[in-house]
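coords_26.cif, holding mmCIF, C-alpha atoms and all ligand atoms:
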```cif
data_work
#
loop_
_atom_site.label_atom_id
_atom_site.label_comp_id
_atom_site.auth_asym_id
_atom_site.auth_seq_id
_atom_site.Cartn_x
_atom_site.Cartn_y
_atom_site.Cartn_z
CA VAL A 1 43.66 -4.80 9.41
CA ASN A 2 42.65 -1.96 7.09
CA PRO A 3 40.24 0.53 8.59
CA ILE A 4 36.79 0.80 7.05
CA SER A 5 36.66 3.09 4.03
CA PRO A 6 33.58 4.14 2.06
CA SER A 7 33.62 3.00 -1.57
CA SER A 8 30.72 5.24 -2.56
CA ALA A 9 31.53 8.84 -1.71
CA SER A 10 28.04 9.98 -2.65
CA GLN A 11 26.28 7.41 -0.44
CA PHE A 12 28.68 8.28 2.39
CA GLU A 13 27.96 12.00 2.16
CA GLN A 14 24.20 11.60 1.74
CA GLN A 15 23.79 9.22 4.68
CA ALA A 16 25.96 11.46 6.88
CA ALA A 17 23.60 14.33 6.06
CA GLY A 18 20.53 12.16 6.71
CA LEU A 19 19.56 12.37 3.02
CA VAL A 20 18.65 9.75 0.43
CA PRO A 21 21.40 9.01 -2.13
CA GLU A 22 21.01 8.51 -5.89
CA VAL A 23 20.69 5.25 -7.78
CA GLU A 24 24.18 3.94 -8.51
CA GLN A 25 25.49 1.35 -10.89
CA ILE A 26 27.78 -0.72 -8.68
CA ARG A 27 28.94 -3.38 -11.19
CA GLU A 28 28.20 -4.28 -14.80
CA GLY A 29 24.44 -4.97 -14.75
CA MET A 30 24.04 -4.21 -11.01
CA TRP A 31 22.48 -1.21 -9.31
CA SER A 32 21.73 0.04 -5.80
CA ILE A 33 18.30 1.65 -5.61
CA PRO A 34 17.64 3.69 -2.45
CA LEU A 35 14.10 3.92 -1.10
CA PRO A 36 13.18 6.32 1.69
CA TYR A 37 12.07 4.97 5.05
CA ARG A 38 11.49 6.69 8.37
CA LYS A 39 13.42 9.39 10.20
CA ALA A 40 15.84 7.23 12.20
CA ILE A 41 16.51 5.07 9.11
CA PRO A 42 16.35 7.52 6.19
CA PHE A 43 16.62 4.89 3.44
CA THR A 44 16.98 1.22 2.55
CA LEU A 45 19.17 0.09 -0.35
CA CYS A 46 17.51 -2.28 -2.81
CA TYR A 47 19.89 -4.17 -5.10
CA ALA A 48 18.96 -5.00 -8.70
CA ILE A 49 20.92 -7.55 -10.72
CA GLN A 50 20.49 -8.09 -14.46
CA ASP A 51 20.78 -11.63 -15.81
CA ARG A 52 22.24 -12.59 -19.18
CA GLU A 53 18.74 -12.85 -20.66
CA GLY A 54 17.83 -9.30 -19.66
CA GLY A 55 15.72 -10.21 -16.61
CA LEU A 56 16.09 -8.16 -13.44
CA HIS A 57 16.47 -9.70 -10.00
CA LEU A 58 15.59 -7.66 -6.92
CA ILE A 59 16.99 -8.07 -3.44
CA ASP A 60 15.18 -6.13 -0.68
CA PRO A 61 12.78 -3.95 -2.68
CA GLY A 62 12.35 -1.51 0.20
CA SER A 63 9.56 -0.08 2.31
CA GLU A 64 5.91 0.63 1.61
CA GLU A 65 6.17 4.27 2.72
CA GLU A 66 4.00 6.91 1.07
CA GLY A 67 5.16 7.52 -2.52
CA ASN A 68 7.60 4.60 -2.67
CA ARG A 69 5.69 2.64 -5.33
CA ASP A 70 5.86 5.54 -7.79
CA ARG A 71 9.41 6.32 -6.76
CA PHE A 72 10.43 2.73 -7.30
CA LEU A 73 8.83 2.66 -10.79
CA ALA A 74 10.59 5.90 -11.74
CA LEU A 75 13.97 4.68 -10.50
CA LEU A 76 13.50 1.38 -12.35
CA THR A 77 12.72 3.25 -15.57
CA GLY A 78 15.78 5.41 -14.93
CA VAL A 79 18.06 2.36 -15.17
CA GLY A 80 16.23 1.05 -18.23
CA PHE A 81 13.76 -1.51 -16.87
CA THR A 82 10.04 -1.96 -16.21
CA THR A 83 8.22 -4.27 -13.79
CA ALA A 84 7.78 -6.70 -16.74
CA ASP A 85 11.56 -7.32 -16.55
CA ILE A 86 11.50 -8.42 -12.91
CA ALA A 87 12.52 -12.08 -12.85
CA SER A 88 12.91 -12.72 -9.12
CA ILE A 89 12.38 -11.06 -5.74
CA THR A 90 14.47 -12.00 -2.70
CA LEU A 91 14.66 -10.72 0.88
CA SER A 92 17.61 -10.58 3.25
CA HIS A 93 15.12 -10.68 6.14
CA LEU A 94 11.56 -10.04 7.21
CA HIS A 95 11.63 -6.36 8.28
CA PRO A 96 9.22 -3.91 6.62
CA ASP A 97 11.95 -1.43 5.61
CA HIS A 98 13.35 -4.18 3.35
CA ALA A 99 10.23 -6.15 2.51
CA GLY A 100 7.45 -3.56 2.38
CA LEU A 101 7.06 -3.34 -1.38
CA THR A 102 7.19 -7.11 -1.93
CA ASN A 103 3.44 -7.66 -1.64
CA TRP A 104 2.77 -5.11 -4.37
CA LEU A 105 5.61 -6.36 -6.61
CA ALA A 106 4.72 -10.03 -6.09
CA GLY A 107 1.16 -9.17 -7.07
CA LEU A 108 2.28 -7.33 -10.21
CA THR A 109 4.70 -10.04 -11.33
CA GLY A 110 3.14 -13.22 -9.93
CA LEU A 111 6.56 -14.16 -8.54
CA PRO A 112 7.20 -15.93 -5.23
CA VAL A 113 9.47 -14.13 -2.76
CA GLY A 114 12.75 -15.82 -1.86
CA MET A 115 13.54 -15.86 1.85
CA HIS A 116 14.98 -18.15 4.49
CA PRO A 117 12.42 -20.61 5.95
CA ILE A 118 12.95 -19.35 9.52
CA ASP A 119 12.21 -15.72 8.66
CA ALA A 120 9.33 -16.86 6.45
CA HIS A 121 7.90 -18.68 9.47
CA ASP A 122 8.54 -15.82 11.90
CA LEU A 123 6.86 -13.41 9.50
CA GLN A 124 3.84 -15.51 8.52
CA SER A 125 3.14 -16.75 12.07
CA GLY A 126 3.35 -13.24 13.54
CA ALA A 127 6.21 -14.38 15.84
CA ALA A 128 8.42 -11.50 14.66
CA GLU A 129 5.68 -8.94 15.19
CA ALA A 130 5.71 -9.82 18.89
CA ARG A 131 9.12 -8.08 19.13
CA TYR A 132 7.16 -4.91 19.85
CA ALA A 133 4.41 -4.67 22.45
CA LEU A 134 1.53 -2.28 21.78
CA ASP A 135 0.18 -2.90 25.29
CA VAL A 136 3.21 -2.18 27.46
CA THR A 137 1.86 -3.54 30.78
CA GLU A 138 3.37 -7.02 30.55
CA ILE A 139 6.84 -5.94 29.36
CA SER A 140 6.93 -3.14 31.93
CA GLU A 141 6.35 -5.68 34.71
CA ARG A 142 8.81 -8.17 33.26
CA TRP A 143 11.55 -5.58 32.74
CA GLY A 144 10.92 -3.70 36.01
CA VAL A 145 10.20 -0.38 34.32
CA PRO A 146 9.16 2.23 36.94
CA ARG A 147 5.57 3.46 36.60
CA ASP A 148 6.48 7.01 35.61
CA GLU A 149 8.76 5.74 32.81
CA ARG A 150 6.27 3.34 31.21
CA VAL A 151 4.80 6.00 28.95
CA ARG A 152 8.17 6.10 27.17
CA LEU A 153 7.64 2.51 26.01
CA GLU A 154 4.41 3.34 24.24
CA ILE A 155 4.56 3.31 20.45
CA PRO A 156 2.82 6.22 18.67
CA PRO A 157 0.79 5.37 15.55
CA GLU A 158 3.36 6.82 13.12
CA LEU A 159 6.05 4.51 14.51
CA THR A 160 3.89 1.38 14.65
CA PRO A 161 5.72 -1.29 12.66
CA TYR A 162 3.68 -3.11 10.05
CA ARG A 163 3.93 -6.71 8.98
CA PRO A 164 4.89 -7.14 5.31
CA VAL A 165 2.55 -9.48 3.44
CA ILE A 166 4.32 -12.13 1.36
CA PRO A 167 1.75 -13.96 -0.76
CA ARG A 168 4.00 -16.83 -1.83
CA VAL A 169 7.45 -17.79 -0.53
CA ALA A 170 10.30 -19.49 -2.40
CA LEU A 171 12.37 -21.01 0.41
CA LEU A 172 16.05 -20.17 0.29
CA GLU A 173 18.27 -22.26 2.54
CA ASP A 174 21.83 -21.52 3.64
CA ARG A 175 24.20 -21.72 0.62
CA ASP A 176 21.35 -21.95 -1.92
CA VAL A 177 21.74 -19.78 -5.00
CA ILE A 178 19.13 -17.37 -6.33
CA PRO A 179 18.21 -18.61 -9.82
CA ILE A 180 19.85 -15.85 -11.90
CA PRO A 181 20.99 -16.99 -15.36
CA GLY A 182 24.69 -16.22 -15.84
CA ARG A 183 25.35 -15.31 -12.18
CA THR A 184 26.00 -17.11 -8.94
CA VAL A 185 24.40 -15.24 -6.04
CA ARG A 186 24.63 -17.39 -2.95
CA ALA A 187 22.58 -16.96 0.23
CA ILE A 188 24.62 -17.11 3.44
CA LEU A 189 22.60 -17.70 6.61
CA THR A 190 23.66 -15.11 9.18
CA PRO A 191 21.23 -15.27 12.13
CA GLY A 192 21.35 -12.58 14.83
CA HIS A 193 19.54 -9.47 13.60
CA THR A 194 16.69 -11.86 12.78
CA ARG A 195 16.79 -15.64 13.10
CA GLY A 196 16.71 -16.20 9.33
CA HIS A 197 18.78 -13.26 8.06
CA LEU A 198 20.64 -13.87 4.80
CA CYS A 199 23.69 -12.13 3.33
CA PHE A 200 24.40 -12.66 -0.38
CA ASP A 201 27.75 -13.49 -1.91
CA ILE A 202 27.88 -12.23 -5.51
CA GLU A 203 30.42 -14.78 -6.65
CA GLY A 204 33.18 -13.57 -8.97
CA GLU A 205 32.50 -9.92 -8.09
CA HIS A 206 34.18 -9.68 -4.66
CA LEU A 207 30.93 -8.22 -3.42
CA LEU A 208 28.88 -9.10 -0.34
CA LEU A 209 25.34 -7.84 0.12
CA SER A 210 25.34 -7.63 3.90
CA GLY A 211 21.68 -6.70 4.53
CA ASP A 212 21.29 -5.52 8.13
CA HIS A 213 23.88 -8.01 9.42
CA VAL A 214 26.79 -5.58 9.16
CA LEU A 215 26.15 -1.86 8.73
CA PRO A 216 28.95 0.67 8.24
CA ALA A 217 27.75 3.53 10.45
CA THR A 218 25.49 2.01 13.11
CA TYR A 219 25.40 -1.11 15.27
CA THR A 220 22.65 -3.38 14.08
CA PRO A 221 20.03 -4.30 16.69
CA ILE A 222 20.14 -7.99 17.63
CA GLY A 223 17.25 -10.42 18.12
CA ARG A 224 14.67 -8.41 16.18
CA GLY A 225 12.84 -11.33 14.60
CA GLY A 226 11.18 -14.29 16.27
CA ARG A 227 12.47 -14.76 19.80
CA VAL A 228 12.56 -18.53 20.36
CA GLY A 229 15.54 -20.82 19.83
CA ARG A 230 19.21 -20.16 20.38
CA ASN A 231 20.37 -16.93 22.01
CA SER A 232 20.44 -14.13 19.44
CA ILE A 233 23.67 -12.58 20.79
CA ALA A 234 25.55 -15.88 20.42
CA ASP A 235 24.02 -16.35 16.97
CA TYR A 236 25.07 -12.86 15.97
CA LEU A 237 28.68 -13.21 17.16
CA ASP A 238 28.97 -16.53 15.30
CA SER A 239 27.47 -14.98 12.16
CA LEU A 240 30.11 -12.22 12.23
CA GLU A 241 32.67 -15.03 11.81
CA THR A 242 30.60 -16.69 9.06
CA ILE A 243 31.23 -13.79 6.67
CA SER A 244 34.99 -13.54 7.27
CA PHE A 245 35.47 -15.09 3.78
CA ALA A 246 34.39 -11.68 2.45
CA ASP A 247 36.89 -9.60 4.46
CA ASP A 248 38.59 -8.21 1.34
CA PHE A 249 35.33 -7.83 -0.62
CA GLU A 250 33.35 -4.67 -1.05
CA SER A 251 30.36 -4.72 1.33
CA ALA A 252 27.01 -3.43 0.12
CA PRO A 253 24.71 -3.06 3.14
CA GLY A 254 20.97 -2.47 3.48
CA HIS A 255 21.53 1.01 4.95
CA GLY A 256 24.35 3.54 4.87
CA PHE A 257 27.10 3.21 2.27
CA ARG A 258 29.21 0.63 0.44
CA PHE A 259 32.59 0.11 2.01
CA PHE A 260 35.84 -1.82 2.16
CA GLY A 261 37.31 -3.00 5.44
CA LEU A 262 34.86 -5.68 6.55
CA ALA A 263 37.42 -7.28 8.91
CA ASP A 264 37.79 -3.98 10.77
CA ARG A 265 34.05 -3.43 10.90
CA ARG A 266 33.42 -6.99 12.14
CA ALA A 267 36.02 -6.50 14.89
CA LYS A 268 34.51 -3.18 16.01
CA ILE A 269 31.01 -4.62 16.12
CA ARG A 270 32.20 -7.67 18.03
CA ASP A 271 33.98 -5.45 20.58
CA HIS A 272 30.83 -3.40 21.00
CA VAL A 273 28.63 -6.47 21.58
CA LEU A 274 31.11 -8.04 24.01
CA ARG A 275 31.49 -4.73 25.89
CA ARG A 276 27.74 -4.75 26.48
CA ALA A 277 27.93 -8.37 27.58
CA ARG A 278 30.65 -7.52 30.10
CA GLU A 279 28.65 -4.52 31.32
CA VAL A 280 25.71 -6.85 31.95
CA GLU A 281 28.00 -9.33 33.68
CA THR A 282 29.36 -6.61 35.98
CA GLY A 283 25.84 -5.31 36.59
CA LEU A 284 24.59 -8.75 37.60
CA ALA A 285 27.61 -9.24 39.88
CA GLU A 286 27.04 -5.89 41.62
CA LEU A 287 23.24 -5.80 41.75
CA GLY A 288 22.70 -9.54 42.17
CA ASP A 289 20.07 -11.72 40.53
CA VAL A 290 17.30 -9.34 41.66
CA ALA A 291 18.58 -6.79 39.11
CA THR A 292 15.85 -5.83 36.67
CA ILE A 293 16.32 -5.42 32.93
CA TRP A 294 15.55 -1.73 33.41
CA GLU A 295 18.34 -1.33 35.99
CA LEU A 296 20.83 -3.25 33.89
CA ALA A 297 20.00 -1.28 30.74
CA GLN A 298 20.97 1.95 32.57
CA ARG A 299 24.51 0.64 32.83
CA LEU A 300 24.98 -0.20 29.15
CA THR A 301 26.46 1.93 26.40
CA TRP A 302 23.72 3.18 24.06
CA ARG A 303 24.20 5.58 21.21
CA GLY A 304 22.86 8.91 22.50
CA GLY A 305 22.26 7.31 25.92
CA LEU A 306 19.27 5.35 27.19
CA LEU A 307 17.55 8.60 28.16
CA GLY A 308 17.38 9.55 24.48
CA LEU A 309 15.45 6.40 23.57
CA SER A 310 11.70 5.94 23.48
CA ALA A 311 8.97 3.82 21.89
CA THR A 312 10.35 1.19 19.45
CA SER A 313 13.99 2.11 20.10
CA LEU A 314 13.54 1.84 23.88
CA GLN A 315 11.67 -1.46 23.59
CA SER A 316 14.45 -2.71 21.31
CA ALA A 317 17.15 -1.63 23.79
CA LEU A 318 15.45 -3.35 26.73
CA SER A 319 14.75 -6.49 24.72
CA GLN A 320 18.43 -6.62 23.69
CA THR A 321 19.43 -6.16 27.33
CA GLU A 322 17.28 -9.18 28.16
CA SER A 323 19.06 -11.19 25.42
CA HIS A 324 22.40 -10.12 26.90
CA VAL A 325 21.34 -11.37 30.34
CA ASP A 326 20.53 -14.77 28.81
CA PHE A 327 23.79 -14.70 26.86
CA VAL A 328 25.84 -13.99 29.99
CA ARG A 329 24.06 -16.79 31.88
CA ASP A 330 24.21 -19.44 29.14
CA PHE A 331 27.51 -18.70 27.38
CA SER A 332 31.01 -17.74 28.42
CA VAL A 333 31.68 -14.08 27.61
CA GLU A 334 35.32 -14.76 28.31
CA ALA A 335 35.49 -17.61 25.79
CA TYR A 336 33.88 -15.41 23.14
CA SER A 337 36.31 -12.60 23.96
CA ARG A 338 39.28 -14.93 23.46
CA SER A 339 38.14 -16.65 20.27
ZN ZN A 401 16.28 -5.21 9.70
#
```
Please, can you express the file's structure as structure tokens?
Amino acid sequence: VNPISPSSASQFEQQAAGLVPEVEQIREGMWSIPLPYRKAIPFTLCYAIQDREGGLHLIDPGSEEEGNRDRFLALLTGVGFTTADIASITLSHLHPDHAGLTNWLAGLTGLPVGMHPIDAHDLQSGAAEARYALDVTEISERWGVPRDERVRLEIPPELTPYRPVIPRVALLEDRDVIPIPGRTVRAILTPGHTRGHLCFDIEGEHLLLSGDHVLPATYTPIGRGGRVGRNSIADYLDSLETISFADDFESAPGHGFRFFGLADRRAKIRDHVLRRAREVETGLAELGDVATIWELAQRLTWRGGLLGLSATSLQSALSQTESHVDFVRDFSVEAYSRS
């Protein structure tokens, strides 16, 4: 298995420095357009694909942060297009760092926004918004967070996630193609990060748009959409297998940098998720069923350590710990480790 290697040196260097990279042409008639987001996630990569009639198709137009509308217009002009050329808008998933500008762009163009029905539901019903609690009393009780630590769960106004508004949805099911004349861009359902997350196979180009499913430099958080249905950890591990057809493709993610070596990256991510699962298993064996989510989370491996997390990142960590507890109880970690 070849180790992961960046295929865009400039994106690699910029993301390592916490900076926003330039627009890049990544294929004939295809561009990556970076749009700034917030500190912990400096930018989201929007992908723009030209069709044979000159129309431009957007995937993940990026966040609604201050200045991003003007920035987006300038970057579009820079590659030779205007909003009048936009022929379709599609989302990998419901998160505001990918979907923020869609309300504005859908309004300008009158276009529906392509997304998977499950994420469309979780977005429109508010189910996904419930992934963060603004009143932390209930989750603190449920997760056994000590009183003097509860303040760390509180989300300050500047970190409060917002719900993207999608005026009209064009439902995109697993294996459906985005209607792009002269191209076959196929949606691949990859639940885990959210329940209706889609990757996109740009057929004939050996290129996979991997959204937030597989990122080159960070482990994607799991179960960050609606929370009902099948266990998000099991979904995620299965979805890592779903994209094995693209192991020798170039991967173009929603954050970070384009890279080769998807098989290696998938294996590393899988090891990381299963290590957490085994840590939870050991924790439950040692502490017994009375173990709280808070206690179990202390024993898991977190980037920068659990002590470094607060607000949305701490809520996300504890919520993922809870999903791991369910995973360990309902699935066989050993079977997943063998397969
Ligand atoms: Zn996301």
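The residue that comes closest to ligand ZN 401 (chain A), out of A:Leu318, A:Val169, A:Leu94, A:Val177 and on the basis of all atoms listed in the file, is A:Leu94.
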Counting all atoms listed in the file, which residues of region 201-253 of chain A sit at most 12 Å from some atom of region 308-315 of chain A, and what is each one's closest atom pair with its distance in Å to one decimal, listed by chain and rising residue number, as a Markdown table?
```
| residue | atom | partner | partner_atom | distance |
| --- | --- | --- | --- | --- |
| A:Thr220 | CA | A:Ser313 | CA | 11.9 |
| A:Pro221 | CA | A:Ser313 | CA | 9.4 |
| A:Gly223 | CA | A:Gln315 | CA | 11.9 |
| A:Arg224 | CA | A:Gln315 | CA | 10.6 |
```
For the selection you just gave me, I'd like the residues written to a file as a short mmCIF file (atom, residue, chain, number, x, y, z; two decimals), in the frame of the given file, keeping C-alpha atoms.
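Saved result, out.cif, follows:
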```cif
data_model
loop_
_atom_site.label_atom_id
_atom_site.label_comp_id
_atom_site.auth_asym_id
_atom_site.auth_seq_id
_atom_site.Cartn_x
_atom_site.Cartn_y
_atom_site.Cartn_z
CA THR A 220 22.65 -3.38 14.08
CA PRO A 221 20.03 -4.30 16.69
CA GLY A 223 17.25 -10.42 18.12
CA ARG A 224 14.67 -8.41 16.18
#
```
- How many Å separate CA of Ala277 (chain A) from CA of Leu208 (chain A)?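 Between CA of Ala277 (chain A) and CA of Leu208 (chain A) the gap works out to 27.9 Å.
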- In Å, rounded to a single decimal, give me how far CA of Ala291 (chain A) is from CA of Arg152 (chain A). 20.4 Å
- With distances taken over all atoms listed in the file, which of A:Val145, A:Leu240, A:Gly225, A:Ile155 is nearest to Glu295 (chain A)?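 Between A:Val145, A:Leu240, A:Gly225, A:Ile155, the residue approaching Glu295 (chain A) most closely is A:Val145.
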- Task: Using all atoms listed in the file, find each residue with an atom at most 10 Å away from ligand ZN 401 (chain A) and format the answer as an MDAnalysis selection string.
- Result: chainID A and resid 44 92:99 193:194 197 211:213 220:225 254:255
- Nearest to Val79 (chain A) among A:Ile33, A:Leu45, A:Ala40, A:Leu262, with distances taken over all atoms listed in the file: which residue is it?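 Closest candidate: A:Ile33.
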- Skipping near chain neighbours, those fewer than 4 positions away, what residues fall within 12 Å of Thr82 (chain A) using only C-alpha atoms, listed as a PyMOL selection string? chain A and resi 54-57+72-78+86-87+105+108-109
- Query: What's the 9 Å shell around Pro21 (chain A), counting only C-alpha atoms, without same-chain residues fewer than 4 positions away, as a ChimeraX atom specification?
  - Reply: /A:10-15,33-35,43
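The closest residue to Gly126 (chain A), picked from A:Gly288, A:His206, A:Val280, A:Tyr162 and counting all atoms listed in the file, is A:Tyr162.
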